[in-house]
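Report on one structure; see the data block that follows.
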Amino acid sequence: MNIQHQTSDTGGRFYYEENGKELAGMYYIQNEGKHITIEHTEVDESLGGKGVGKLLLEKTIDFAREHGLRITPVCSYAKHVMDKNADKYEDVRA
């Protein structure tokens with residue numbers, strides 16, 4: 001599955017699309033300094049149960065690690081996964 005990344009002046013998103021239609025996305029905002037906030041995750045029901053949300057989160061975390069960023073998960077999905085695996089993500093958790 002090819003997860004893409006798009007950035008803007010205020011944040012960005014990791015997303016998956018098929019035939020030009022976005023089917024999944026994780027959206028974040030860039031805060032001051034080296035900090036991002038994951039605001040929202042959407043996964044089309046056709047992809048439900050296939051681990052796409054987790055894949056989006058892993059790509060976001062890899063990006064944070066590569067750029068020395070800390071993450072605040074406001075999105076309920078991202079927060080749940082990061083809380084459940086706190087030791088795995090402690091290096092990027094704000």
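Here, A, B, ... name the chains of the structure tokens in the order displayed, residue numbers run from 1 inside each chain, and ligands are numbered from 1 in the same displayed order.
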
Find the spatial neighbours of Arg65 of chain A, counting only C-alpha atoms, within a cut-off of 12 Å - ignore same-chain residues fewer than 4 positions away - and output them as a tab-separated table (two decimals) with C-alpha atoms, in the first residue's frame.
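Final output, saved to around11.tsv:
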chain	number	residue	atom	x	y	z
A	34	LYS	CA	9.60	20.77	16.76
A	35	HIS	CA	6.06	19.71	17.57
A	36	ILE	CA	3.09	18.39	15.59
A	58	GLU	CA	3.42	4.50	11.72
A	59	LYS	CA	4.28	6.70	8.72
A	60	THR	CA	3.53	9.81	10.80
A	61	ILE	CA	5.71	8.53	13.65
A	69	LEU	CA	9.56	16.09	16.17
A	70	ARG	CA	7.33	15.46	19.17
A	71	ILE	CA	3.70	14.42	18.68
A	89	TYR	CA	6.26	5.77	21.22
A	90	GLU	CA	7.75	7.52	24.27
A	91	ASP	CA	10.55	9.00	22.16
A	92	VAL	CA	8.08	11.02	20.05
A	93	ARG	CA	5.22	11.63	22.50

List as a list in words the protein and nucleic acid residues near Gly11 of chain A, meaning an atom at most 9 Å away when only C-alpha atoms are counted, but skip any in the same chain fewer than 3 places from it. Gln6, Thr7, Ser8, Tyr27, Tyr28, Ile29, Gln30, Asn31, Ile36 and Thr37 of chain A

Leaving out Phe14 of chain A and any residue of its chain fewer than 4 positions from it, which residues lie within 6 Å of it when counting only C-alpha atoms, given as a PyMOL selection string? chain A and resi 4-5+25-26

Resulting file, chosen residues, C-alpha atoms, as a JSON list (two decimals), in the first residue's frame:
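Printed below is part.json as written:
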[["chain", "number", "residue", "atom", "x", "y", "z"],
["A", 4, "GLN", "CA", 1.77, 9.43, 0.37],
["A", 5, "HIS", "CA", 2.72, 12.57, 2.28],
["A", 25, "GLY", "CA", -5.82, 10.08, 5.71],
["A", 26, "MET", "CA", -4.12, 11.20, 8.91]]

Taking the backbone alone, and naming residues the way the document does, which bits of segment 26-85 of chain A are strand (DSSP E) by DSSP, as a ChimeraX atom specification? /A:26-30,35-43,70-73

Since we have the selection now, will you write its residues out, keeping N, CA and C atoms, as a compact mmCIF listing (two decimals), in the first residue's frame?
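New file again.txt:
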# COMPACT_ATOMS: atom_id res chain seq x y z
N MET A 26 -4.44 10.76 7.55
CA MET A 26 -4.12 11.20 8.91
C MET A 26 -3.59 12.61 8.77
N TYR A 27 -4.23 13.54 9.46
CA TYR A 27 -3.96 14.97 9.30
C TYR A 27 -3.31 15.53 10.56
N TYR A 28 -2.28 16.34 10.35
CA TYR A 28 -1.58 16.94 11.49
C TYR A 28 -1.35 18.42 11.24
N ILE A 29 -1.16 19.16 12.33
CA ILE A 29 -0.78 20.56 12.23
C ILE A 29 0.62 20.71 12.80
N GLN A 30 1.36 21.67 12.26
CA GLN A 30 2.70 21.98 12.72
C GLN A 30 2.59 23.07 13.78
N HIS A 35 7.24 20.33 16.99
CA HIS A 35 6.06 19.71 17.57
C HIS A 35 4.93 19.67 16.56
N ILE A 36 4.28 18.51 16.44
CA ILE A 36 3.09 18.39 15.59
C ILE A 36 1.95 17.83 16.43
N THR A 37 0.73 18.13 15.99
CA THR A 37 -0.47 17.60 16.62
C THR A 37 -1.25 16.80 15.59
N ILE A 38 -1.47 15.52 15.87
CA ILE A 38 -2.32 14.71 15.00
C ILE A 38 -3.76 15.06 15.36
N GLU A 39 -4.46 15.63 14.39
CA GLU A 39 -5.81 16.11 14.65
C GLU A 39 -6.91 15.13 14.28
N HIS A 40 -6.71 14.39 13.20
CA HIS A 40 -7.83 13.61 12.68
C HIS A 40 -7.33 12.46 11.82
N THR A 41 -8.06 11.35 11.87
CA THR A 41 -7.79 10.20 11.01
C THR A 41 -9.11 9.77 10.38
N GLU A 42 -9.07 9.51 9.10
CA GLU A 42 -10.24 9.00 8.37
C GLU A 42 -9.81 7.79 7.56
N VAL A 43 -10.62 6.74 7.62
CA VAL A 43 -10.39 5.54 6.80
C VAL A 43 -11.74 5.13 6.22
N ARG A 70 8.14 16.05 18.12
CA ARG A 70 7.33 15.46 19.17
C ARG A 70 5.88 15.51 18.70
N ILE A 71 5.08 14.54 19.13
CA ILE A 71 3.70 14.42 18.68
C ILE A 71 2.74 14.53 19.86
N THR A 72 1.69 15.33 19.67
CA THR A 72 0.54 15.33 20.56
C THR A 72 -0.62 14.74 19.77
N PRO A 73 -1.15 13.59 20.19
CA PRO A 73 -2.28 13.01 19.48
C PRO A 73 -3.61 13.51 20.05

Give the alpha helix (DSSP H) residues of chain A, as DSSP finds them on the backbone, and put them as JSON, numbers by chain. {"A": [52, 53, 54, 55, 56, 57, 58, 59, 60, 61, 62, 63, 64, 65, 66, 76, 77, 78, 79, 80, 81, 82, 83, 84, 86, 87, 88, 89]}

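Distance-wise, atom CA of Ile3 of chain A and atom CA of Tyr16 of chain A end up 5.0 Å apart.
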
Quick check, in Å to one decimal: how far apart do atom CA of Leu47 of chain A and atom CA of Leu23 of chain A lie? 7.8 Å

Just to confirm, what's the straight-line distance from atom CA of Ala78 of chain A to atom CA of Gly53 of chain A in Å (one decimal)?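 These two atoms are separated by 8.5 Å.
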